[in-house]
Amino acid sequence: MASNTAVRTVYRLSGVAPTPEAMLYSLDLELLDKLGADPHLPEALGVPAVYVTCGMERTEAPWCAPMARTTGITITESVRRTAAVLLLAVDGAVYAIGCDQGYRLIPDHLKDKRFGLSFAIRQMDPNLIRGAVSRSLGQARTDISLVPGGAPVPLLGIRDHSRIVRSLGGYLDDLPLTRSRYTRGKAVSAQGGCGLRIALGVEPEALLSDLRTIARICREDIPHQELEFVDHIVPLDDATTLDVLDQALDDLLGLPTDGRISVSVPSEHHAAYAEATTYVTRINSPGALRSDDFDPGYVLTRARLAPPGERLKALREGTVTLARDRRAGVVDTLAVTSALAWLEAGVSLGSRRFFLMDGEWYEAGSAYVDECRAAVTALFSPSPSVSLPAWIDGESENTYNNRVADDERPDWLCLDTKNVANPLRPKDQVEICDLLVPDGTLVLVKRAGGSGPLSHLFSQARVAVELLQESARVRAEFTAKVARLSGGELVLPEDFTPKRIVLAMLLKNREHLTPESIFGFSQITIAQTAKALAARGVAVEVIGIPESCAAPLPLPLVPRRGRGGRVLG
């Protein structure tokens, strides 16, 4: 039985009028002519559309000649590849869907670079992300994370004020697409970056319905709270500043190479980069350089030879073609990119720092404050997993923690000052937590009048997690101590590592603990701590401790006894 859907990559095009003529002329007509492509005007869709198809043939595969020399056996096998691209206008927006090599027919400069990502952060389950591609400002580095079974966003380590997420793959929340209607109860996946790779309806009505649903989600839905950070860093759009930056880069391109310009693979072409064996670079010249790898020296030299004011334009209009074989014919071509897309550069305007990436400008630190605030806010749950009693004025931290475990939360275990040996220096001691919840949650308690004690609290949380995850000796000592102090009532597995940490705080002169009431310096450090622990698979929650003005209770005159009558300590 024929499937009702097919997995396709759909792009939304910018600056293309929703008419068949405009859509056809937006393509590279010279390339279409070279390929012998056939244009069609489909009427079945009922919307303006252009359908272009072609076949690309080569009489002898590129491996035939070298393998004949290696083996002495002459074999001739031909190669045939196909390409098709459907351009259609739906409610005024123009989309392009490529089949097989058809994606090569869609000009990169027309693609809405955030279309697929915009859908992903609104519809993808943030706890089941299967893959992510991100770039770090000023580092010329691309990070690719793959988790086939899906993982929560924090575990991928992509949330950072200087990290630009280019692509997300994962499972979708329930949505009214054609695939969902025919696969009820089964997870539907997608990959969103510049384009959106997703199962789309095959029948005309189903395809149009799916595209309208996707457009509505991008237009009306808000991003998932756990994914909204992706939108914190966006390309600069101030025309005046862009002109100044472009001029500064043009001037920089005229100077000898000094390391301020580096090389990075264009975000949408990692697969082509991995497969390519030949690069054909053409910049401001009818001739081209063929090389085994991208040659930044040649690119910068060609730019330097252009007149002042024309250097940046030469790179924008220049091309780098990635091919499977040195002959680099149309059948061997993997991608055609702008030469500028391969370069990263940093430019400062006074105290402001900017970076060029994928041909677009970004300001360093522009999202720093918003990202810190969002990270801190996310630590406060509207329904806290635990609560703590009031801290009586004049009561010491140790007395408070013991009172919580003895009187208020009898199933909890007080581990304040019940330390373990530091494996780096066994004579030193490390406190893992103040209170231990039966489900293995570590609770760290602190009363603070400034950022200093809180910095110690956050460092303690990181050290505790790292030691429990990385040191078998610490795990063995900690689990044994828990069993002994609880009288055997609380037994952790021998390979115990925490999954959740609760930071419980009472801040002096603060009536209630809120994200805004945390000291400014501590907001930065707690955000950094939470991200570091999340990357290790540990969730962090912050709760406030109420304060009581009642007189402290008298200390007990007899030794405190734990469960089973055992003396604690």
# chains A, B, ... in the order shown; residues from 1 in each chain; ligands from 1
$ select_by_dssp --residues "range 193-347 of chain A" --states "alpha helix (DSSP H)" --output "PyMOL selection string"
chain A and resi 204-220+239-253+270-275+296-305+311-317
$ residues_around --residues "Ala530 in chain A" --least-positions-apart "2" --cutoff "10 Å" --atoms "only C-alpha atoms" --output "PyMOL selection string"
chain A and resi 154+375-376+378-379+458+461-462+501+525-528+532-536+538-541
$ write_last_selection --atoms "C-alpha atoms" --output "mmCIF file, in the first residue's frame"
data_model
loop_
_atom_site.group_PDB
_atom_site.id
_atom_site.type_symbol
_atom_site.label_atom_id
_atom_site.label_comp_id
_atom_site.auth_asym_id
_atom_site.auth_seq_id
_atom_site.Cartn_x
_atom_site.Cartn_y
_atom_site.Cartn_z
ATOM 1 C CA PRO A 154 20.281 20.607 29.147
ATOM 2 C CA ALA A 375 18.418 30.522 33.262
ATOM 3 C CA VAL A 376 17.872 31.699 36.856
ATOM 4 C CA ALA A 378 13.928 28.430 35.128
ATOM 5 C CA LEU A 379 15.362 27.175 38.451
ATOM 6 C CA PHE A 458 27.198 26.663 44.261
ATOM 7 C CA ALA A 461 27.022 21.556 44.470
ATOM 8 C CA ARG A 462 29.386 21.189 41.513
ATOM 9 C CA ILE A 501 19.946 18.981 43.589
ATOM 10 C CA THR A 525 27.284 32.092 39.206
ATOM 11 C CA ILE A 526 24.082 30.153 39.830
ATOM 12 C CA ALA A 527 23.260 30.264 36.116
ATOM 13 C CA GLN A 528 26.728 28.907 35.331
ATOM 14 C CA ALA A 532 27.282 22.847 34.214
ATOM 15 C CA LEU A 533 25.225 20.405 36.287
ATOM 16 C CA ALA A 534 22.545 20.089 33.611
ATOM 17 C CA ALA A 535 25.245 19.045 31.141
ATOM 18 C CA ARG A 536 26.054 16.246 33.618
ATOM 19 C CA VAL A 538 21.604 16.731 37.102
ATOM 20 C CA ALA A 539 18.561 18.975 37.465
ATOM 21 C CA VAL A 540 18.848 21.994 39.748
ATOM 22 C CA GLU A 541 15.979 23.549 41.682
#
$ residues_around --residues "Ala390 in chain A" --least-positions-apart "5" --cutoff "7 Å" --atoms "only C-alpha atoms" --output "ChimeraX atom specification"
/A:545-548
$ write_last_selection --atoms "all heavy atoms" --output "short mmCIF file (atom, residue, chain, number, x, y, z; two decimals), in the first residue's frame"
data_model
loop_
_atom_site.label_atom_id
_atom_site.label_comp_id
_atom_site.auth_asym_id
_atom_site.auth_seq_id
_atom_site.Cartn_x
_atom_site.Cartn_y
_atom_site.Cartn_z
N ILE A 545 13.81 29.58 51.91
CA ILE A 545 13.52 29.15 53.27
C ILE A 545 12.90 30.33 54.01
O ILE A 545 13.52 31.41 54.06
CB ILE A 545 14.80 28.70 54.00
CG1 ILE A 545 15.47 27.55 53.25
CG2 ILE A 545 14.48 28.26 55.44
CD1 ILE A 545 16.81 27.14 53.84
N PRO A 546 11.71 30.17 54.55
CA PRO A 546 11.13 31.30 55.30
C PRO A 546 11.88 31.55 56.60
O PRO A 546 12.57 30.66 57.11
CB PRO A 546 9.69 30.83 55.56
CG PRO A 546 9.75 29.34 55.47
CD PRO A 546 10.82 29.01 54.48
N GLU A 547 11.77 32.76 57.11
CA GLU A 547 12.47 33.14 58.34
C GLU A 547 11.45 33.38 59.44
O GLU A 547 10.39 33.96 59.23
CB GLU A 547 13.30 34.39 58.11
CG GLU A 547 14.16 34.77 59.31
CD GLU A 547 15.10 35.91 59.00
OE1 GLU A 547 14.82 36.65 58.02
OE2 GLU A 547 16.11 36.09 59.71
N SER A 548 11.79 32.89 60.64
CA SER A 548 10.91 33.07 61.80
C SER A 548 11.65 33.88 62.86
O SER A 548 12.85 33.72 63.07
CB SER A 548 10.51 31.71 62.40
OG SER A 548 9.82 31.88 63.62
#
$ residues_around --residues "Arg260 in chain A" --least-positions-apart "5" --cutoff "12 Å" --atoms "only C-alpha atoms" --output "list in words"
Gly138, Gln139, Ala140, Leu249, Leu252, Leu253, Leu255, Leu300, Leu343, Glu344, Ala345, Gly346, Val347, Ser348, Phe354, Phe355 and Leu356 of chain A
$ closest_atom_pairs --of "range 34-142 of chain A" --to "range 211-231 of chain A" --cutoff "12 Å" --atoms "only C-alpha atoms" --output "CSV"
residue,atom,partner,partner_atom,distance
A:Leu88,CA,A:Leu211,CA,10.4
A:Ala89,CA,A:Leu211,CA,10.1
A:Val90,CA,A:Arg212,CA,7.4
A:Asp91,CA,A:Arg212,CA,8.1
A:Gly92,CA,A:Arg212,CA,11.0
A:Ala93,CA,A:Ala215,CA,9.0
A:Val94,CA,A:Leu211,CA,10.4
A:Tyr95,CA,A:Leu211,CA,8.7
A:Ala96,CA,A:Leu211,CA,11.0
A:Ile97,CA,A:Leu211,CA,11.0
A:Arg114,CA,A:Asp231,CA,9.7
A:Phe115,CA,A:Cys218,CA,8.0
A:Gly116,CA,A:Cys218,CA,9.1
A:Leu117,CA,A:Val230,CA,8.7
A:Ser118,CA,A:Cys218,CA,6.1
A:Phe119,CA,A:Cys218,CA,5.4
A:Ala120,CA,A:Pro223,CA,8.5
A:Ile121,CA,A:Pro223,CA,5.3
A:Arg122,CA,A:Pro223,CA,4.1
A:Gln123,CA,A:His224,CA,7.6
A:Met124,CA,A:His224,CA,8.1
A:Asp125,CA,A:His224,CA,8.3
A:Pro126,CA,A:Glu226,CA,6.3
A:Asn127,CA,A:Glu226,CA,8.9
A:Leu128,CA,A:Glu226,CA,11.7
A:Ile129,CA,A:Leu227,CA,10.5
A:Ala132,CA,A:Val230,CA,11.4
A:Val133,CA,A:Val230,CA,11.7
A:Ser134,CA,A:Val230,CA,10.1
A:Arg135,CA,A:Val230,CA,11.8
$ closest_residue --among "A:Ala288, A:Leu168, A:Ala17, A:Leu105" --to "Glu30 in chain A" --atoms "only C-alpha atoms"
A:Leu105
$ atom_distance --atom1 "CA of Ala6 in chain A" --atom2 "CA of Lys113 in chain A"
22.7 Å
$ closest_residue --among "A:Pro18, A:Gly149, A:Gly131, A:Gly192" --to "Leu87 in chain A" --atoms "only C-alpha atoms"
A:Pro18
$ select_by_dssp --residues "range 421-481 of chain A" --states "strand (DSSP E)" --output "list in words"
Ala421, Asn422, Arg425, Pro426, Lys427, Asp428, Gln429, Val430, Leu435, Leu436, Leu442, Val443, Leu444, Val445, Lys446, Arg447 and Ala448 of chain A
$ residues_around --residues "Arg409 in chain A" --least-positions-apart "3" --cutoff "10 Å" --atoms "only C-alpha atoms" --output "compact mmCIF listing (two decimals) with all heavy atoms, in the first residue's frame"
# COMPACT_ATOMS: atom_id res chain seq x y z
N SER A 387 9.80 21.31 50.29
CA SER A 387 9.67 22.57 51.04
C SER A 387 10.40 22.41 52.37
O SER A 387 10.57 21.29 52.87
CB SER A 387 8.20 22.93 51.27
OG SER A 387 7.57 21.94 52.07
N LEU A 388 10.81 23.52 52.93
CA LEU A 388 11.53 23.50 54.20
C LEU A 388 10.84 24.40 55.20
O LEU A 388 10.23 25.42 54.83
CB LEU A 388 12.98 23.95 53.99
CG LEU A 388 13.90 22.94 53.28
CD1 LEU A 388 15.24 23.57 52.98
CD2 LEU A 388 14.08 21.69 54.13
N PRO A 389 10.94 24.06 56.49
CA PRO A 389 10.31 24.90 57.53
C PRO A 389 11.08 26.20 57.72
O PRO A 389 12.18 26.38 57.20
CB PRO A 389 10.39 24.01 58.77
CG PRO A 389 11.61 23.16 58.54
CD PRO A 389 11.62 22.89 57.06
N ASN A 402 19.66 19.79 61.51
CA ASN A 402 19.31 18.68 62.40
C ASN A 402 17.85 18.73 62.80
O ASN A 402 17.18 17.70 62.89
CB ASN A 402 20.22 18.69 63.63
CG ASN A 402 21.56 18.03 63.36
OD1 ASN A 402 21.64 16.85 63.03
ND2 ASN A 402 22.64 18.81 63.48
N ARG A 403 17.35 19.95 63.04
CA ARG A 403 15.94 20.08 63.42
C ARG A 403 15.02 19.65 62.27
O ARG A 403 13.98 19.00 62.48
CB ARG A 403 15.63 21.53 63.82
CG ARG A 403 14.15 21.75 64.18
CD ARG A 403 13.93 23.09 64.87
NE ARG A 403 14.29 24.22 64.02
CZ ARG A 403 13.48 24.77 63.11
NH1 ARG A 403 12.27 24.24 62.91
NH2 ARG A 403 13.87 25.80 62.41
N VAL A 404 15.40 20.00 61.05
CA VAL A 404 14.59 19.59 59.89
C VAL A 404 14.48 18.08 59.84
O VAL A 404 13.39 17.52 59.68
CB VAL A 404 15.21 20.14 58.58
CG1 VAL A 404 14.51 19.52 57.37
CG2 VAL A 404 15.09 21.66 58.52
N ALA A 405 15.62 17.38 59.96
CA ALA A 405 15.60 15.93 59.84
C ALA A 405 14.98 15.24 61.05
O ALA A 405 14.33 14.19 60.92
CB ALA A 405 17.03 15.42 59.62
N ASP A 406 15.15 15.84 62.26
CA ASP A 406 14.65 15.20 63.48
C ASP A 406 13.15 15.42 63.67
O ASP A 406 12.42 14.50 64.05
CB ASP A 406 15.39 15.74 64.70
CG ASP A 406 16.81 15.20 64.79
OD1 ASP A 406 17.11 14.23 64.07
OD2 ASP A 406 17.60 15.75 65.57
N TRP A 412 13.90 12.32 56.17
CA TRP A 412 15.12 12.86 55.57
C TRP A 412 16.31 12.53 56.48
O TRP A 412 16.15 12.25 57.67
CB TRP A 412 15.02 14.36 55.40
CG TRP A 412 14.02 14.83 54.37
CD1 TRP A 412 13.00 14.12 53.85
CD2 TRP A 412 13.97 16.12 53.78
NE1 TRP A 412 12.28 14.88 52.96
CE2 TRP A 412 12.86 16.12 52.89
CE3 TRP A 412 14.72 17.28 53.90
CZ2 TRP A 412 12.50 17.24 52.14
CZ3 TRP A 412 14.38 18.39 53.15
CH2 TRP A 412 13.28 18.36 52.27
N LEU A 413 17.51 12.62 55.91
CA LEU A 413 18.72 12.35 56.68
C LEU A 413 19.60 13.60 56.68
O LEU A 413 19.89 14.16 55.62
CB LEU A 413 19.49 11.17 56.06
CG LEU A 413 20.76 10.74 56.79
CD1 LEU A 413 20.43 10.21 58.18
CD2 LEU A 413 21.51 9.69 55.96
N CYS A 414 20.01 14.02 57.86
CA CYS A 414 20.91 15.16 57.98
C CYS A 414 22.35 14.69 57.78
O CYS A 414 22.84 13.81 58.49
CB CYS A 414 20.76 15.83 59.35
SG CYS A 414 21.90 17.21 59.58
N LEU A 435 21.19 17.85 53.57
CA LEU A 435 20.05 16.96 53.80
C LEU A 435 19.90 16.03 52.60
O LEU A 435 20.11 16.44 51.45
CB LEU A 435 18.77 17.77 54.00
CG LEU A 435 18.73 18.70 55.22
CD1 LEU A 435 17.64 19.75 55.07
CD2 LEU A 435 18.52 17.88 56.50
N VAL A 437 17.17 13.49 50.72
CA VAL A 437 15.77 13.08 50.59
C VAL A 437 15.74 11.59 50.21
O VAL A 437 16.66 11.11 49.52
CB VAL A 437 15.06 13.94 49.53
CG1 VAL A 437 13.58 13.57 49.40
CG2 VAL A 437 15.21 15.42 49.88
